[in-house]
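So the structure is just underneath, and the comments pick up after that.
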Amino acid sequence: MDFSKDEAEKSAGLKALSSSDQFETAPTNESRQGEVKPKTHFSLLGAIGIQYSLTSAPLAIGFYLSMVIGLGGSPAYFWGFILMGFFQVFVCLAVCELASAIPHSAGPAYWVIALAGSKYERSLGYVMGWLSNAGWFFITSASVLYPAQLTMSLVEATHPDFVAYPWQTYLLYVAFALVFLTLNMPVIFKALNWTLIVACFAINITALYILIGLLVRVQTKQPAHFVFLDYVNESGWTDGTVFFVALLPSYACLASFDNATHLTDEMENPRKQVPQVIIGSFLMSFVTGVAMILVYEFCNVNPTSLLTPLGGQPLMQLMVNGFRSNGMAIFGMVLIILCVSVAGLASLISWSRLYWSFSCEGLLPFSCTMSKLSSRDSLPLNALFFNTLLTLLIGLISIGSYTAMNALLGAANLCLISVIMTSLVLALIRGRKTFDDARWLNLGGWAGDMVFGIAILWSLFMAIMLCFPLYLPVTLTYMNWSCVVFAGVLAISGIYWAAIFRRQAPLIHDHHADYSPKMQAVQDEGSTKN
């Protein structure tokens with residue numbers, strides 16, 4: 001980064017301030033990394049494998065089939081997915097431009113630091129760092145729980161007399177978490193890039209198996225009126241409101257845009273490749289998602305059976321009903337479990353890089369330890385072990401309540417929406433013209449501002465809708481606890497700030513993004529004004 005004289009003086013002043021007795025010292029470049037630097041671990045296709053496998057859209061869209069039966073039915077599911085895809089394009093493009101302009105492994109949370117100005121960068125950066133890490137913490141726990149639940153549903157489907165207990169599911173949860181950790185260890189990790197590439201194709205092959213199998217084996221399909229027009233609302237909300245309340249499944253399949261940004265330090269050309277990964281994965285998720293929704297709904301021969309599905313998994317019940325062959329259904333579920341398992345692996349990879357990156361800024365607990373990389377392979381082993389431990393601990397909640405675990409996934413969406421939306425707002429306030437003109441993705445002047453504006457409004461709208469309960473009147477069973485968990489994250493971060501972080505030094509940006517000269521000038525100007 002090219003520093004002006006004023007910026008050099010500012011940096012020297014910050015370093016002098018951080019070394020004084022007034023503050024606890026945050027980790028510095030020398031103390032936290034030494035000579036160890038991140039290495040290139042992921043190719044373009046490997047990164048797409050991480051991004052695409054996390055959502056596994058053509059498969060995941062089938063996990064929510066029972067949820068939407070009384071929330072608008074098939075029409076709300078299909079048209080809601082189309083609407084979600086349309087507006088998420090704007091969010092996707094806005095995130096991609098920022099990823100191209102300010103490449104950093106902390107993703108949107110660091111963009112907030114870069115754009116906030118020195119007066120607010122410490123406080124905003126701290127909050128966004130906690131929200132971002134909490135979001136990925138919850139996503140990782142959910143991504144580990146899904147293959148465990150699917151495995152138990154497979155056992156119940158093949159052994160009708162077997163009844164799964166929550167503690168048994170938790171043991172599988174622990175097993176999957178430890179497998180994902182093992183695959184991230186040195187030596188084994190070297191084969192991970194190819195594994196992720198294969199996973200990308202495996203998801204589509206599995207979807208193709210289900211698609212062809214259902215179309216061939218289902219003799220009497222649902223009419224077009226059922227799929228596109230037969231609106232069913234048993235939620236207690238108005239028809240218009242329930243349409244948007246039922247968007248959660250579509251959002252889960254077409255979001256998590258910041259996933260690839262956390263691989264920035266491990267890709268050869270992140271300014272170009274990260275946006276390519278995000279756009280490519282989004283387009284693939286949307287196209288395959290639309291195709292599979294149509295197949296699932298046209299071949300849903302017994303919709304009411306999905307309310308009490310085998311093993312609690314509607315997609316398993318759909319395959320049993322449609323294939324009319326337990327063997328085909330079991331084989332399909334085995335393929336699904338393998339594909340969904342990669343999502344758990346991908347989420348741990350992304351979260352560990354995010355935690356490592358923000359530890360380099362000194363914003364999280366145990367930053368000095370978590371900011372270290374392994375000397376041989378440049379892997380964030382400390383962050384991987386710590387993240388896995390947290391995942392195992394929070395998984396204990398599933399023994400007492402699956403509703404609580406579902407609330408974590410909803411809270412994850414709120415956390416990540418808040419971070420992305422804040423970065424987009426700051427980009428408009430500070431001015432996108434400060435970005436490097438040579439960035440790979442440049443949305444242009446007024447057109448780019450319009451894209452950012454629509455993305456902000458849509459994200460705000462989705463954040464509000466994700467807090468709505470699914471049914472009225474509200475009961476403990478159907479209460480949406482996402483906003484409560486979100487508030488809990490803010491409360492915990494506030495306690496950590498008051499108890500520990502407020503005594504630490506201001507941000508120094510040792511682990512910095514590569515600003516353009518114009519953006520650096522804005523940073524300097526903001527520092528002078530503030």
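Going through the structure tokens in order, the chains are called A, B, and so on, while each chain numbers its residues from 1 and the ligands are numbered from 1 in the order shown.
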What are the nearest atom pairs, with distances in Å to one decimal, for all residues of segment 280-322 of chain A that come at most 12 Å from segment 195-216 of chain A, using only C-alpha atoms, set out by chain and rising residue number as CSV?
residue,atom,partner,partner_atom,distance
A:Gly280,CA,A:Cys200,CA,11.7
A:Ser281,CA,A:Cys200,CA,9.6
A:Met284,CA,A:Asn204,CA,9.5
A:Ser285,CA,A:Asn204,CA,9.9
A:Val287,CA,A:Asn204,CA,11.1
A:Thr288,CA,A:Asn204,CA,8.0
A:Gly289,CA,A:Ala207,CA,9.7
A:Val290,CA,A:Ala207,CA,11.9
A:Ala291,CA,A:Leu211,CA,8.6
A:Met292,CA,A:Leu211,CA,6.9
A:Ile293,CA,A:Leu211,CA,10.0
A:Leu294,CA,A:Leu211,CA,9.6
A:Val295,CA,A:Leu211,CA,6.3
A:Tyr296,CA,A:Leu214,CA,8.0
A:Glu297,CA,A:Leu214,CA,10.5
A:Phe298,CA,A:Leu215,CA,8.7
A:Cys299,CA,A:Leu214,CA,6.4
A:Asn300,CA,A:Leu214,CA,9.2
A:Val301,CA,A:Leu214,CA,10.3
A:Leu315,CA,A:Ile210,CA,10.1
A:Met316,CA,A:Ile210,CA,10.9
A:Leu318,CA,A:Leu214,CA,9.1
A:Met319,CA,A:Leu214,CA,7.4
A:Val320,CA,A:Leu214,CA,10.0
A:Asn321,CA,A:Leu214,CA,9.4
A:Gly322,CA,A:Leu214,CA,5.7
Write the residues of the selection above to a file with C-alpha atoms, as a tab-separated table (two decimals), in the first residue's frame.
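Saved file result28.tsv follows:
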chain	number	residue	atom	x	y	z
A	280	GLY	CA	-20.95	-18.55	-11.17
A	281	SER	CA	-22.25	-20.29	-8.07
A	284	MET	CA	-25.84	-22.39	-11.05
A	285	SER	CA	-27.89	-22.38	-7.84
A	287	VAL	CA	-30.97	-22.45	-12.64
A	288	THR	CA	-30.79	-25.83	-10.92
A	289	GLY	CA	-33.08	-24.61	-8.13
A	290	VAL	CA	-35.83	-23.61	-10.55
A	291	ALA	CA	-35.61	-26.94	-12.37
A	292	MET	CA	-35.76	-28.98	-9.18
A	293	ILE	CA	-38.67	-27.03	-7.66
A	294	LEU	CA	-40.71	-27.83	-10.75
A	295	VAL	CA	-39.80	-31.52	-10.61
A	296	TYR	CA	-40.42	-31.77	-6.86
A	297	GLU	CA	-43.84	-30.13	-7.09
A	298	PHE	CA	-45.07	-31.87	-10.25
A	299	CYS	CA	-44.00	-35.22	-8.77
A	300	ASN	CA	-45.36	-34.57	-5.28
A	301	VAL	CA	-48.01	-37.28	-5.48
A	315	LEU	CA	-37.28	-35.14	0.57
A	316	MET	CA	-36.88	-38.73	1.74
A	318	LEU	CA	-41.00	-37.55	-1.60
A	319	MET	CA	-38.54	-40.05	-3.07
A	320	VAL	CA	-40.26	-43.00	-1.38
A	321	ASN	CA	-43.63	-41.82	-2.73
A	322	GLY	CA	-42.36	-41.02	-6.20
Check: In segment 408-437 of chain A, what's alpha helix (DSSP H) per DSSP? Answer as a list in words?
Finding: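 Those in segment 408-437 of chain A that DSSP calls alpha helix (DSSP H) are Leu408, Leu409, Gly410, Ala411, Ala412, Asn413, Leu414, Cys415, Leu416, Ile417, Ser418, Val419, Ile420, Met421, Thr422, Ser423, Leu424, Val425, Leu426, Ala427, Leu428, Ile429 and Arg430 of chain A.
Note that atom CA of Thr264 of chain A and atom CA of Lys37 of chain A are 12.7 Å apart.
Between atom CA of Ser53 of chain A and atom CA of Ala343 of chain A the separation is 5.1 Å.
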Identify, on the basis of only C-alpha atoms, every residue whose closest approach to segment 174-186 of chain A does not exceed 9 Å; exclude the query and any residue fewer than 3 positions from it along the same chain; express the result as a CSV table (one decimal) with C-alpha atoms, in the first residue's frame.
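Done, and the output landed in part-v6.csv:
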chain,number,residue,atom,x,y,z
A,141,SER,CA,-23.4,-25.8,13.3
A,144,VAL,CA,-22.9,-30.3,10.6
A,145,LEU,CA,-26.4,-31.1,12.0
A,147,PRO,CA,-26.0,-34.7,7.5
A,148,ALA,CA,-26.5,-36.2,11.0
A,169,THR,CA,-28.3,-37.7,16.5
A,170,TYR,CA,-25.8,-35.6,18.5
A,171,LEU,CA,-23.3,-38.5,18.5
A,189,PHE,CA,-5.8,-31.0,3.2
A,190,LYS,CA,-3.8,-31.2,0.0
A,191,ALA,CA,-6.5,-33.4,-1.6
A,192,LEU,CA,-9.3,-31.1,-0.5
A,341,SER,CA,-21.6,-33.4,4.1
A,342,VAL,CA,-19.4,-31.3,1.9
A,344,GLY,CA,-20.3,-28.8,6.5
A,345,LEU,CA,-16.7,-29.1,5.4
A,346,ALA,CA,-17.0,-25.9,3.3
A,348,LEU,CA,-15.7,-24.9,8.5
A,349,ILE,CA,-13.2,-23.8,5.9
A,374,SER,CA,0.9,-23.5,10.6
A,376,ARG,CA,4.5,-25.7,6.8
A,377,ASP,CA,1.1,-25.5,5.1
A,379,LEU,CA,-3.3,-23.3,7.7
A,381,LEU,CA,-5.0,-24.8,12.7
A,384,LEU,CA,-9.9,-24.8,13.1
A,385,PHE,CA,-9.6,-26.5,16.4
A,388,THR,CA,-14.7,-27.2,16.0
A,391,THR,CA,-19.5,-26.3,17.1
A,392,LEU,CA,-19.5,-29.3,19.3
A,395,GLY,CA,-24.6,-28.8,19.1
Next item on the list: Go through A:Val425, A:Ala407, A:Ala255, A:Val474 one by one, measure the shortest atom-to-atom distance of each to Phe486 of chain A using only C-alpha atoms, and give the residue with the smallest value.
Entry: A:Ala407
Margin query: From the options A:Ile330, A:Leu472, A:Val451, A:Leu71, which residue's atoms come nearest to Asp230 of chain A, counting only C-alpha atoms?
Written below: A:Leu71
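Using only C-alpha atoms, the shortest contact distance between Arg502 of chain A and any of A:Val277, A:Tyr126, A:Glu97, A:Leu476 is found at A:Tyr126.
Atom pair atom CA of Phe228 of chain A / atom CA of Gly73 of chain A has a distance of 9.3 Å (rounded to one decimal).
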Margin query: Need to verify the contact set: Asn259 of chain A, 8 Å, only C-alpha atoms, exclusion of same-chain residues closer than 5 positions in sequence. Can you return it as a ChimeraX atom specification?
Written below: /A:50-51,350
Would you save the residues of that selection, restricted to N, CA and C atoms, as an mmCIF file, in the first residue's frame?
data_model
loop_
_atom_site.group_PDB
_atom_site.id
_atom_site.type_symbol
_atom_site.label_atom_id
_atom_site.label_comp_id
_atom_site.auth_asym_id
_atom_site.auth_seq_id
_atom_site.Cartn_x
_atom_site.Cartn_y
_atom_site.Cartn_z
ATOM 1 N N ILE A 50 -16.646 -24.876 -2.921
ATOM 2 C CA ILE A 50 -16.956 -24.424 -1.563
ATOM 3 C C ILE A 50 -18.227 -23.583 -1.553
ATOM 4 N N GLN A 51 -18.319 -22.647 -2.485
ATOM 5 C CA GLN A 51 -19.461 -21.739 -2.533
ATOM 6 C C GLN A 51 -20.755 -22.484 -2.875
ATOM 7 N N SER A 350 -14.558 -21.867 5.576
ATOM 8 C CA SER A 350 -14.824 -20.427 5.496
ATOM 9 C C SER A 350 -14.771 -19.759 6.863
#
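Close contacts of Gly311 of chain A, defined as residues with an atom at most 8 Å away when counting only C-alpha atoms, with chain neighbours fewer than 3 positions off set aside, comprise Leu150, Met152, Ser153, Leu154, Val155, Glu156, Ala157 and Met316 of chain A.
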Keeping only N, CA and C atoms, write the selected residues to a file as a PDB file, in the first residue's frame.
ATOM      1  N   LEU A 150     -30.054 -36.297   8.403  1.00  0.00           N
ATOM      2  CA  LEU A 150     -30.373 -37.078   7.208  1.00  0.00           C
ATOM      3  C   LEU A 150     -29.970 -38.536   7.384  1.00  0.00           C
ATOM      4  N   MET A 152     -29.855 -40.193  10.234  1.00  0.00           N
ATOM      5  CA  MET A 152     -30.827 -40.817  11.132  1.00  0.00           C
ATOM      6  C   MET A 152     -32.144 -41.083  10.412  1.00  0.00           C
ATOM      7  N   SER A 153     -32.534 -40.190   9.511  1.00  0.00           N
ATOM      8  CA  SER A 153     -33.773 -40.420   8.749  1.00  0.00           C
ATOM      9  C   SER A 153     -33.626 -41.630   7.839  1.00  0.00           C
ATOM     10  N   LEU A 154     -32.424 -41.832   7.306  1.00  0.00           N
ATOM     11  CA  LEU A 154     -32.173 -43.006   6.466  1.00  0.00           C
ATOM     12  C   LEU A 154     -32.282 -44.292   7.282  1.00  0.00           C
ATOM     13  N   VAL A 155     -31.755 -44.259   8.498  1.00  0.00           N
ATOM     14  CA  VAL A 155     -31.848 -45.427   9.384  1.00  0.00           C
ATOM     15  C   VAL A 155     -33.308 -45.722   9.721  1.00  0.00           C
ATOM     16  N   GLU A 156     -34.078 -44.681  10.027  1.00  0.00           N
ATOM     17  CA  GLU A 156     -35.489 -44.874  10.366  1.00  0.00           C
ATOM     18  C   GLU A 156     -36.282 -45.393   9.168  1.00  0.00           C
ATOM     19  N   ALA A 157     -35.913 -44.938   7.975  1.00  0.00           N
ATOM     20  CA  ALA A 157     -36.628 -45.381   6.779  1.00  0.00           C
ATOM     21  C   ALA A 157     -36.359 -46.851   6.476  1.00  0.00           C
ATOM     22  N   MET A 316     -36.894 -37.270   1.667  1.00  0.00           N
ATOM     23  CA  MET A 316     -36.877 -38.733   1.739  1.00  0.00           C
ATOM     24  C   MET A 316     -38.276 -39.286   1.471  1.00  0.00           C
TER      25      MET A 316
END
So that each row is one residue of segment 66-142 of chain A with an atom at most 10 Å from segment 445-449 of chain A, can you give its shortest atom pair and the distance in Å to one decimal, using only C-alpha atoms, rows by chain and rising number, as a Markdown table?
| residue | atom | partner | partner_atom | distance |
| --- | --- | --- | --- | --- |
| A:Phe90 | CA | A:Gly448 | CA | 9.6 |
| A:Leu93 | CA | A:Gly448 | CA | 9.0 |
| A:Ala94 | CA | A:Gly448 | CA | 7.8 |
| A:Glu97 | CA | A:Gly448 | CA | 9.1 |
N, CA and C atoms of the current selection, written as a PDB file, in the first residue's frame:
ATOM      1  N   PHE A  90     -29.031  -8.331  -7.599  1.00  0.00           N
ATOM      2  CA  PHE A  90     -28.488  -7.019  -7.238  1.00  0.00           C
ATOM      3  C   PHE A  90     -27.524  -7.137  -6.058  1.00  0.00           C
ATOM      4  N   LEU A  93     -24.243  -8.783  -7.338  1.00  0.00           N
ATOM      5  CA  LEU A  93     -23.370  -7.884  -8.094  1.00  0.00           C
ATOM      6  C   LEU A  93     -22.700  -6.857  -7.186  1.00  0.00           C
ATOM      7  N   ALA A  94     -23.446  -6.322  -6.224  1.00  0.00           N
ATOM      8  CA  ALA A  94     -22.870  -5.337  -5.306  1.00  0.00           C
ATOM      9  C   ALA A  94     -21.754  -5.960  -4.472  1.00  0.00           C
ATOM     10  N   GLU A  97     -18.643  -6.484  -6.652  1.00  0.00           N
ATOM     11  CA  GLU A  97     -17.843  -5.287  -6.910  1.00  0.00           C
ATOM     12  C   GLU A  97     -16.980  -4.941  -5.705  1.00  0.00           C
TER      13      GLU A  97
END
Margin query: I'd like the contact shell of Phe42 of chain A - 7 Å cut-off, only C-alpha atoms, skipping same-chain residues fewer than 4 positions apart - returned as a PyMOL selection string.
Written below: chain A and resi 46-47+193+266-267
Next item on the list: Excluding Leu466 of chain A and residues on its chain fewer than 5 positions from it, collect all residues at most 12 Å away from it, counting only C-alpha atoms, and give them as a ChimeraX atom specification.
Entry: /A:241-242,244-252,407,409-415,417,459-461,479-483,486
